[in-house]
$ cat run_24.cif   # mmCIF, C-alpha atoms
data_input
loop_
_atom_site.label_atom_id
_atom_site.label_comp_id
_atom_site.auth_asym_id
_atom_site.auth_seq_id
_atom_site.Cartn_x
_atom_site.Cartn_y
_atom_site.Cartn_z
CA MET A 1 -12.88 -16.91 -0.70
CA LYS A 2 -11.86 -19.26 -3.49
CA ARG A 3 -10.28 -22.63 -2.75
CA THR A 4 -7.48 -21.73 -5.12
CA LEU A 5 -6.30 -19.13 -2.59
CA LEU A 6 -5.65 -21.68 0.18
CA PRO A 7 -2.20 -22.87 -1.03
CA TYR A 8 -0.94 -19.29 -0.83
CA LEU A 9 -1.98 -18.70 2.79
CA ALA A 10 -0.04 -19.22 6.01
CA CYS A 11 -0.93 -18.73 9.65
CA PRO A 12 0.15 -15.21 10.63
CA ALA A 13 0.89 -16.39 14.18
CA CYS A 14 3.21 -19.35 13.46
CA GLU A 15 3.48 -19.46 9.63
CA GLY A 16 1.93 -22.95 9.59
CA ALA A 17 -0.24 -24.24 6.76
CA LEU A 18 -3.96 -23.51 6.88
CA GLU A 19 -6.87 -25.82 6.11
CA PHE A 20 -10.59 -25.31 5.65
CA SER A 21 -12.75 -26.04 8.67
CA ASP A 22 -16.54 -25.83 8.64
CA VAL A 23 -17.01 -24.05 5.32
CA LYS A 24 -20.10 -23.98 3.15
CA ASP A 25 -19.87 -26.45 0.31
CA PHE A 26 -20.10 -24.64 -3.01
CA PRO A 27 -19.70 -26.47 -6.33
CA LEU A 28 -16.14 -26.77 -7.59
CA THR A 29 -17.06 -24.71 -10.64
CA ASP A 30 -18.28 -21.82 -8.51
CA VAL A 31 -15.59 -19.23 -7.81
CA ARG A 32 -17.39 -18.41 -4.55
CA GLU A 33 -16.39 -21.81 -3.17
CA GLY A 34 -15.53 -21.65 0.53
CA LEU A 35 -17.18 -18.22 0.79
CA GLU A 36 -17.98 -18.45 4.50
CA GLY A 37 -16.65 -20.55 7.37
CA THR A 38 -13.35 -21.04 9.19
CA LEU A 39 -9.68 -21.61 8.45
CA ARG A 40 -7.60 -23.58 10.94
CA CYS A 41 -3.83 -23.70 11.31
CA VAL A 42 -2.52 -27.25 10.99
CA ALA A 43 0.39 -26.46 13.34
CA CYS A 44 -0.93 -24.25 16.16
CA LYS A 45 -4.67 -24.99 15.68
CA ARG A 46 -5.57 -21.30 15.75
CA GLU A 47 -8.76 -20.56 13.85
CA TYR A 48 -9.60 -17.65 11.57
CA GLU A 49 -12.97 -16.55 10.28
CA ILE A 50 -13.95 -16.28 6.62
CA SER A 51 -16.69 -13.66 6.33
CA GLY A 52 -18.00 -11.65 3.43
CA GLY A 53 -15.86 -13.81 1.17
CA VAL A 54 -12.67 -12.62 2.92
CA PRO A 55 -10.34 -14.63 5.18
CA ARG A 56 -9.72 -12.51 8.30
CA LEU A 57 -6.10 -13.30 9.08
CA ALA A 58 -4.96 -10.66 11.56
CA ALA A 59 -2.96 -12.52 14.21
CA GLU A 60 -3.26 -10.22 17.22
CA LYS A 61 -4.98 -7.20 18.69
CA LEU A 62 -3.71 -3.79 17.61
CA GLY A 63 -2.59 -0.88 19.75
CA ALA A 64 -4.53 2.38 19.81
CA ALA A 65 -2.38 4.13 17.16
CA ALA A 66 -2.55 1.14 14.81
CA ARG A 67 -6.33 0.87 15.26
CA LYS A 68 -6.85 4.54 14.48
CA THR A 69 -4.58 4.31 11.43
CA ARG A 70 -6.52 1.26 10.21
CA ASP A 71 -9.87 2.92 10.85
CA ALA A 72 -8.77 6.15 9.16
CA PHE A 73 -8.04 4.26 5.96
CA ALA A 74 -11.31 2.35 6.14
CA PHE A 75 -13.09 5.70 6.54
CA GLU A 76 -11.07 7.23 3.72
CA TRP A 77 -11.39 4.51 1.10
CA SER A 78 -15.11 4.04 1.69
CA ARG A 79 -15.48 7.65 0.44
CA TYR A 80 -13.00 7.56 -2.42
CA PRO A 81 -14.65 8.21 -5.82
CA GLY A 82 -13.61 4.77 -7.13
CA SER A 83 -11.38 3.73 -9.99
CA LEU A 84 -10.02 6.68 -11.98
CA PRO A 85 -8.93 6.94 -15.63
CA GLU A 86 -5.34 7.55 -14.56
CA ASP A 87 -5.07 4.39 -12.42
CA GLU A 88 -3.36 2.34 -15.13
CA SER A 89 -0.75 4.96 -15.98
CA VAL A 90 -0.12 5.69 -12.29
CA LEU A 91 0.47 2.02 -11.45
CA LEU A 92 2.88 1.61 -14.36
CA GLU A 93 4.75 4.81 -13.49
CA GLU A 94 5.01 4.08 -9.78
CA SER A 95 5.77 0.37 -10.09
CA GLN A 96 8.32 1.06 -12.87
CA LEU A 97 7.04 -2.09 -14.57
CA ARG A 98 5.44 -2.85 -17.95
CA PRO A 99 2.10 -4.58 -18.53
CA SER A 100 4.00 -7.63 -19.80
CA ASP A 101 5.69 -7.93 -16.37
CA PHE A 102 2.27 -8.70 -14.87
CA LYS A 103 0.90 -11.07 -17.50
CA GLY A 104 0.58 -14.65 -16.23
CA LYS A 105 2.30 -13.76 -12.95
CA LEU A 106 1.25 -14.15 -9.33
CA VAL A 107 1.08 -10.61 -7.94
CA LEU A 108 0.62 -9.21 -4.43
CA ASP A 109 -0.92 -5.78 -3.87
CA ALA A 110 0.49 -5.21 -0.37
CA GLY A 111 -1.81 -2.64 1.19
CA CYS A 112 -4.51 -2.58 -1.48
CA GLY A 113 -6.98 -0.14 0.09
CA MET A 114 -10.12 -0.24 -2.01
CA GLY A 115 -8.21 -2.20 -4.66
CA ARG A 116 -8.08 0.19 -7.62
CA TYR A 117 -4.56 -0.94 -8.60
CA SER A 118 -5.44 -4.60 -7.98
CA VAL A 119 -8.02 -4.29 -10.75
CA VAL A 120 -5.41 -2.76 -13.07
CA ALA A 121 -2.92 -5.59 -12.38
CA LEU A 122 -5.72 -8.07 -13.01
CA SER A 123 -6.47 -6.41 -16.35
CA PHE A 124 -2.83 -6.99 -17.36
CA GLY A 125 -3.39 -10.75 -17.03
CA ALA A 126 -2.05 -11.32 -13.50
CA GLU A 127 -3.44 -13.47 -10.72
CA VAL A 128 -3.74 -10.97 -7.87
CA VAL A 129 -3.79 -11.32 -4.10
CA ALA A 130 -5.02 -8.05 -2.59
CA LEU A 131 -4.04 -7.67 1.08
CA ASP A 132 -5.07 -4.94 3.50
CA LEU A 133 -5.68 -4.53 7.22
CA SER A 134 -8.71 -2.25 6.99
CA ASP A 135 -12.26 -2.96 5.90
CA SER A 136 -11.68 -0.75 2.86
CA LEU A 137 -10.95 -3.98 0.99
CA MET A 138 -14.65 -4.88 1.19
CA ARG A 139 -15.19 -2.64 -1.84
CA LEU A 140 -12.94 -4.99 -3.78
CA ALA A 141 -14.40 -8.11 -2.16
CA ALA A 142 -17.82 -7.08 -3.45
CA ILE A 143 -16.66 -7.71 -7.03
CA ALA A 144 -14.17 -10.54 -6.43
CA ASP A 145 -16.75 -13.19 -7.40
CA ARG A 146 -16.53 -11.94 -10.98
CA TRP A 147 -12.81 -12.60 -11.24
CA PRO A 148 -11.47 -16.16 -10.77
CA LYS A 149 -7.93 -14.79 -10.45
CA LEU A 150 -8.65 -12.13 -7.83
CA HIS A 151 -8.23 -12.95 -4.14
CA VAL A 152 -8.95 -10.59 -1.24
CA VAL A 153 -7.28 -11.16 2.15
CA GLN A 154 -7.40 -9.18 5.39
CA GLY A 155 -4.13 -9.17 7.29
CA ASN A 156 -1.30 -7.14 8.77
CA LEU A 157 1.80 -6.34 6.68
CA LEU A 158 3.88 -6.77 9.82
CA LYS A 159 2.67 -10.39 9.93
CA PRO A 160 1.46 -11.13 6.41
CA PRO A 161 -0.59 -14.35 6.26
CA LEU A 162 1.14 -15.60 3.12
CA LYS A 163 3.83 -18.13 2.32
CA PRO A 164 7.37 -16.82 1.73
CA SER A 165 9.08 -16.76 -1.68
CA LEU A 166 5.70 -17.08 -3.38
CA PHE A 167 5.09 -14.05 -5.60
CA ASP A 168 6.52 -13.06 -8.97
CA VAL A 169 5.66 -9.40 -8.36
CA VAL A 170 4.95 -7.54 -5.12
CA TYR A 171 4.16 -3.85 -5.02
CA SER A 172 3.43 -1.65 -2.02
CA HIS A 173 2.90 2.00 -2.87
CA GLY A 174 2.43 4.63 -0.17
CA VAL A 175 1.62 2.04 2.50
CA LEU A 176 4.55 0.71 4.55
CA HIS A 177 5.19 4.08 6.21
CA HIS A 178 1.70 3.82 7.75
CA THR A 179 2.70 0.79 9.86
CA ALA A 180 4.23 0.88 13.33
CA ASP A 181 7.66 0.05 11.86
CA THR A 182 8.40 0.75 8.19
CA ARG A 183 11.63 -1.26 8.14
CA ALA A 184 10.05 -4.31 9.76
CA ALA A 185 7.08 -4.21 7.38
CA PHE A 186 9.46 -3.90 4.41
CA GLY A 187 11.37 -6.97 5.54
CA ARG A 188 8.22 -9.05 5.93
CA VAL A 189 6.92 -8.03 2.52
CA ALA A 190 10.33 -8.64 0.88
CA ARG A 191 10.28 -12.24 2.12
CA LEU A 192 7.18 -12.92 0.02
CA VAL A 193 9.01 -12.34 -3.29
CA LYS A 194 10.39 -15.42 -5.03
CA PRO A 195 14.01 -15.44 -6.27
CA GLY A 196 14.11 -13.57 -9.57
CA GLY A 197 10.87 -11.77 -8.71
CA TYR A 198 10.23 -8.03 -8.52
CA LEU A 199 9.51 -5.80 -5.53
CA SER A 200 8.31 -2.22 -6.06
CA VAL A 201 7.97 0.13 -3.08
CA TRP A 202 7.57 3.86 -2.64
CA LEU A 203 7.41 5.75 0.63
CA TYR A 204 6.81 9.26 1.91
CA GLY A 205 10.04 11.20 1.65
CA ARG A 206 11.88 13.77 3.74
CA ALA A 207 14.54 16.34 3.01
CA GLY A 208 17.35 14.37 4.65
CA ARG A 209 20.92 15.50 4.09
CA TYR A 210 21.38 18.05 1.34
CA GLN A 211 24.05 15.98 -0.42
CA ASP A 212 21.54 13.13 -0.73
CA PHE A 213 18.64 15.41 -1.66
CA ALA A 214 20.76 16.92 -4.44
CA THR A 215 20.97 13.51 -6.18
CA ASN A 216 17.24 12.74 -6.04
CA PRO A 217 15.97 11.80 -9.53
CA LEU A 218 13.49 14.36 -10.87
CA ARG A 219 10.77 14.10 -13.47
CA GLY A 220 11.56 15.78 -16.79
CA ASP A 221 9.15 18.64 -16.14
CA ARG A 222 10.92 19.72 -12.93
CA GLY A 223 13.70 21.78 -14.47
CA LEU A 224 13.09 24.67 -12.06
CA VAL A 225 13.60 22.37 -9.07
CA ALA A 226 16.76 20.99 -10.66
CA ARG A 227 18.16 24.52 -11.07
CA HIS A 228 17.38 25.55 -7.49
CA ARG A 229 18.12 22.44 -5.46
CA LYS A 230 19.19 24.26 -2.29
CA LEU A 231 16.00 26.34 -2.22
CA ALA A 232 13.93 23.21 -2.91
CA TRP A 233 15.66 21.45 -0.01
CA TRP A 234 14.72 24.26 2.37
CA ILE A 235 11.13 24.29 1.11
CA VAL A 236 10.80 20.55 1.67
CA PHE A 237 12.35 20.83 5.13
CA LEU A 238 10.04 23.68 6.18
CA ARG A 239 7.00 21.95 4.65
CA HIS A 240 7.81 18.86 6.72
CA CYS A 241 8.04 20.99 9.88
CA PHE A 242 4.66 22.55 9.05
CA SER A 243 3.19 19.12 8.41
CA ASP A 244 4.45 17.79 11.73
CA ALA A 245 2.93 20.76 13.56
CA VAL A 246 -0.44 20.26 11.86
CA ARG A 247 -0.45 16.50 12.49
CA ALA A 248 0.41 16.99 16.15
CA VAL A 249 -3.14 18.35 16.41
CA THR A 250 -5.10 16.51 13.71
CA THR A 251 -4.03 12.98 14.65
CA ARG A 252 -5.66 13.59 18.04
CA LEU A 253 -8.96 14.82 16.60
CA PRO A 254 -11.98 12.66 15.77
CA MET A 255 -11.87 11.42 12.17
CA ARG A 256 -15.01 13.32 11.20
CA VAL A 257 -13.42 16.59 12.33
CA ASP A 258 -10.36 15.77 10.23
CA TYR A 259 -12.68 15.02 7.31
CA ALA A 260 -14.31 18.44 7.67
CA LEU A 261 -10.87 20.08 7.76
CA SER A 262 -9.96 18.12 4.63
CA HIS A 263 -12.83 19.78 2.77
CA ALA A 264 -11.43 23.19 3.73
CA LEU A 265 -7.96 22.15 2.57
CA ALA A 266 -9.44 20.83 -0.69
CA MET A 267 -11.03 24.22 -1.39
CA ILE A 268 -7.69 25.96 -0.78
CA GLY A 269 -6.17 23.36 -3.10
CA ALA A 270 -7.86 25.05 -6.06
CA VAL A 271 -6.23 28.43 -5.36
CA PRO A 272 -2.98 29.16 -7.22
CA LEU A 273 0.12 29.25 -5.00
CA LEU A 274 -1.96 28.72 -1.82
CA LYS A 275 -2.64 25.17 -2.95
CA TYR A 276 0.94 24.25 -2.10
CA LEU A 277 0.14 24.84 1.57
CA THR A 278 -2.19 21.84 1.37
CA PHE A 279 -1.38 18.17 0.91
CA SER A 280 -3.04 17.57 -2.45
CA VAL A 281 -3.26 19.49 -5.72
CA HIS A 282 -5.25 16.83 -7.59
CA PRO A 283 -7.68 18.40 -10.12
CA ASP A 284 -10.63 16.40 -8.73
CA TYR A 285 -12.10 18.02 -5.61
CA LYS A 286 -13.24 14.69 -4.12
CA VAL A 287 -9.78 13.22 -4.54
CA ARG A 288 -8.19 16.30 -2.93
CA VAL A 289 -10.44 15.83 0.10
CA ILE A 290 -9.37 12.21 0.51
CA GLU A 291 -5.68 12.88 -0.08
CA ASN A 292 -5.67 15.67 2.52
CA PHE A 293 -7.48 13.39 4.97
CA ASP A 294 -4.93 10.66 4.18
CA TRP A 295 -2.20 13.04 5.27
CA ILE A 296 -3.61 14.60 8.43
CA SER A 297 -5.52 11.76 10.09
CA PRO A 298 -3.51 8.49 10.45
CA PRO A 299 -1.26 8.48 13.55
CA TYR A 300 1.37 6.36 11.83
CA GLN A 301 3.19 8.28 9.13
CA TRP A 302 6.95 7.88 8.81
CA HIS A 303 9.25 9.56 6.27
CA HIS A 304 12.37 8.14 4.64
CA THR A 305 15.08 8.88 2.07
CA LYS A 306 16.00 6.96 -1.06
CA GLU A 307 19.29 6.03 0.64
CA GLU A 308 17.43 4.30 3.49
CA LEU A 309 15.17 2.46 1.08
CA ALA A 310 18.08 1.40 -1.14
CA ASP A 311 19.90 -0.04 1.89
CA TRP A 312 16.81 -2.07 2.81
CA PHE A 313 16.58 -3.54 -0.67
CA LYS A 314 20.24 -4.57 -0.56
CA GLN A 315 19.94 -6.02 2.95
CA GLU A 316 17.03 -8.19 1.82
CA GLY A 317 18.92 -9.60 -1.15
CA PHE A 318 17.65 -7.43 -4.00
CA GLU A 319 19.48 -5.73 -6.81
CA ILE A 320 18.15 -2.27 -7.65
CA VAL A 321 16.65 -2.07 -11.13
CA SER A 322 15.45 1.55 -11.15
CA VAL A 323 14.68 4.54 -8.92
CA LEU A 324 11.46 6.52 -9.22
CA PRO A 325 11.76 10.15 -10.43
CA HIS A 326 9.53 12.64 -8.58
CA GLY A 327 8.68 16.31 -8.29
CA LEU A 328 9.59 18.81 -5.57
CA VAL A 329 8.72 16.65 -2.54
CA PRO A 330 10.89 13.50 -2.37
CA LYS A 331 9.07 10.26 -3.12
CA PRO A 332 11.59 7.47 -2.53
CA GLY A 333 10.60 4.67 -4.86
CA ILE A 334 12.63 1.66 -5.97
CA LEU A 335 12.06 -1.33 -8.19
CA GLY A 336 14.25 -4.24 -7.16
CA ARG A 337 14.78 -7.79 -8.34
CA LYS A 338 15.47 -10.56 -5.84
CA ARG A 339 18.74 -12.28 -6.46
CA LEU A 340 18.67 -15.92 -7.51
CA LYS A 341 20.05 -18.25 -4.91
#
$ encode --input "run_24.cif" --output "structure tokens"
Amino acid sequence: MKRTLLPYLACPACEGALEFSDVKDFPLTDVREGLEGTLRCVACKREYEISGGVPRLAAEKLGAAARKTRDAFAFEWSRYPGSLPEDESVLLEESQLRPSDFKGKLVLDAGCGMGRYSVVALSFGAEVVALDLSDSLMRLAAIADRWPKLHVVQGNLLKPPLKPSLFDVVYSHGVLHHTADTRAAFGRVARLVKPGGYLSVWLYGRAGRYQDFATNPLRGDRGLVARHRKLAWWIVFLRHCFSDAVRAVTTRLPMRVDYALSHALAMIGAVPLLKYLTFSVHPDYKVRVIENFDWISPPYQWHHTKEELADWFKQEGFEIVSVLPHGLVPKPGILGRKRLK
């Protein structure tokens, strides 16, 4: 942990300021300063460990479903191939931002996993705080010493250990629906954006009402879906029913069994037409394995519509800048800007 991170942190239990307590004394010029030791809340006196260069700021014990969800992602990201050539284009597409929107800004990667998009945001000239609940973030922590403007923090998005109204840009892509309460997690993350700042979120989608599904924005290469909206709606609905039936079994299985099943699904994912019965059609076999595992293993997996997400943005004081186009399966994604007070 770098000392420059401390002003951004808050106690996840009471939101009080934190201070260093019993840390190793590294030179001020060394970005590893404060690498190991303890943080203490000035208000409630609760103490938090700094280990492996990461402040461990989870406020309370997790329930069984939350623990398995956390552990599934740690298992998953420890096996992910690493940064991919498409990471930059994917972050820009999904965030609906430009590289210039990151430059010189304080950015939060809310649910960073192994941190592949944190590295991209860093390359755009941002100072990045990468937050995740699982130990998957240790892959990013291992290289954080090289980057003075990269900070890695372990914490829960339902009680983020960060000061409110702090960040210029916050993005959380494919994460909030894996918490116990998507709406509550959204609200806590939204509080971290400063007035005039950007929040970008996308969630797993569902068919919802047909009249809403019919207005979903589609990518330009999805003309066939656009021409057959009613059929697409039924396909998405039935696919969701199939997914729920599969997950009713797989979320109760040991993770290594799910991982073995994910290999089988990844092999089917290379077969024309049959691949759409799986949960990933990525061209890289290793990525298909992980994306299938991502779908079938975590107990927490909620699905939402763009209308729900838009309401949340408005309730939290954001104006909607743009809505993310997608393919057949809805992918509610919104870029919002927090209104100035």
$ resolve_selection --input "run_24.cif" --expression "the PyMOL selection byres ((chain A and resi 11) around 12)" --output "PyMOL selection string"
chain A and resi 6-10+12-19+39-48+55-60+155-156+159-164
$ atom_distance --input "run_24.cif" --atom1 "atom CA of Leu108 of chain A" --atom2 "atom CA of Leu199 of chain A"
9.6 Å
$ atom_distance --input "run_24.cif" --atom1 "atom CA of Tyr117 of chain A" --atom2 "atom CA of Gln96 of chain A"
13.7 Å
$ atom_distance --input "run_24.cif" --atom1 "atom CA of Ala65 of chain A" --atom2 "atom CA of Thr251 of chain A"
9.3 Å
$ resolve_selection --input "run_24.cif" --expression "the PyMOL selection byres ((chain A and resi 37) around 6)" --output "ChimeraX atom specification"
/A:22-23,36,38,50
$ closest_residue --input "run_24.cif" --among "A:Phe124, A:Tyr204, A:Phe73, A:Phe293" --to "Arg98 of chain A" --atoms "all atoms listed in the file"
A:Phe124
$ residues_around --input "run_24.cif" --residues "Glu308 of chain A" --least-positions-apart "2" --cutoff "12 Å" --atoms "only C-alpha atoms" --output "JSON, numbers by chain"
{"A": [182, 183, 186, 202, 203, 204, 205, 206, 208, 209, 212, 303, 304, 305, 306, 310, 311, 312, 313, 314, 315, 332, 333, 334]}
$ resolve_selection --input "run_24.cif" --expression "the PyMOL selection byres ((chain A and resi 215) around 12)" --output "ChimeraX atom specification"
/A:207-214,216-218,225-226,229-230,233,305-307,323,325-326,330,332
$ residues_around --input "run_24.cif" --residues "Ala66 of chain A" --least-positions-apart "5" --cutoff "9 Å" --atoms "only C-alpha atoms" --output "ChimeraX atom specification"
/A:71,178-180,298-300
$ residues_around --input "run_24.cif" --residues "Leu137 of chain A" --least-positions-apart "3" --cutoff "6 Å" --atoms "only C-alpha atoms" --output "list in words"
Gly113, Met114 and Leu140 of chain A
$ residues_around --input "run_24.cif" --residues "Leu91 of chain A" --least-positions-apart "6" --cutoff "12 Å" --atoms "only C-alpha atoms" --output "list in words"
Leu84, Pro85, Leu97, Arg98, Pro99, Phe102, Asp109, Gly115, Arg116, Tyr117, Ser118, Val119, Val120, Ala121, Leu122, Ser123, Phe124, Tyr171, Ser172, His173, Gly174, Ser200, Val201 and Trp202 of chain A
$ axis_aligned_box --input "run_24.cif" --around "segment 108-112 of chain A" --padding-each-side "6 Å" --output "AutoDock Vina command-line options"
--center_x -1.9 --center_y -5.9 --center_z -1.6 --size_x 17.1 --size_y 18.6 --size_z 17.6
$ residues_around --input "run_24.cif" --residues "Arg337 of chain A" --least-positions-apart "2" --cutoff "9 Å" --atoms "all atoms listed in the file" --output "list in words"
Val193, Pro195, Gly196, Gly197, Tyr198, Leu199, Ser200, Phe313, Gly317, Phe318, Glu319, Ile320, Val321, Leu335 and Arg339 of chain A
$ residues_near_point --input "run_24.cif" --point "(-8.9, -7.6, 2.6)" --cutoff "6 Å" --atoms "all atoms listed in the file" --output "list in words"
Leu131, Asp132, Leu137, Val152, Val153 and Gln154 of chain A
$ closest_residue --input "run_24.cif" --among "A:Glu94, A:Leu157, A:Thr69, A:Ser297" --to "Cys112 of chain A" --atoms "only C-alpha atoms"
A:Leu157
$ closest_residue --input "run_24.cif" --among "A:Arg227, A:Lys2, A:Lys275, A:Arg70" --to "Arg288 of chain A" --atoms "only C-alpha atoms"
A:Lys275
$ closest_atom_pairs --input "run_24.cif" --of "segment 13-79 of chain A" --to "segment 255-262 of chain A" --cutoff "10 Å" --atoms "all atoms listed in the file" --output "JSON lines"
{"residue": "A:Lys68", "atom": "CA", "partner": "A:Met255", "partner_atom": "CA", "distance": 8.8}
{"residue": "A:Asp71", "atom": "CA", "partner": "A:Met255", "partner_atom": "CA", "distance": 8.8}
{"residue": "A:Ala72", "atom": "CA", "partner": "A:Met255", "partner_atom": "CA", "distance": 6.8}
{"residue": "A:Phe75", "atom": "CA", "partner": "A:Met255", "partner_atom": "CA", "distance": 8.1}
{"residue": "A:Glu76", "atom": "CA", "partner": "A:Tyr259", "partner_atom": "CA", "distance": 8.7}
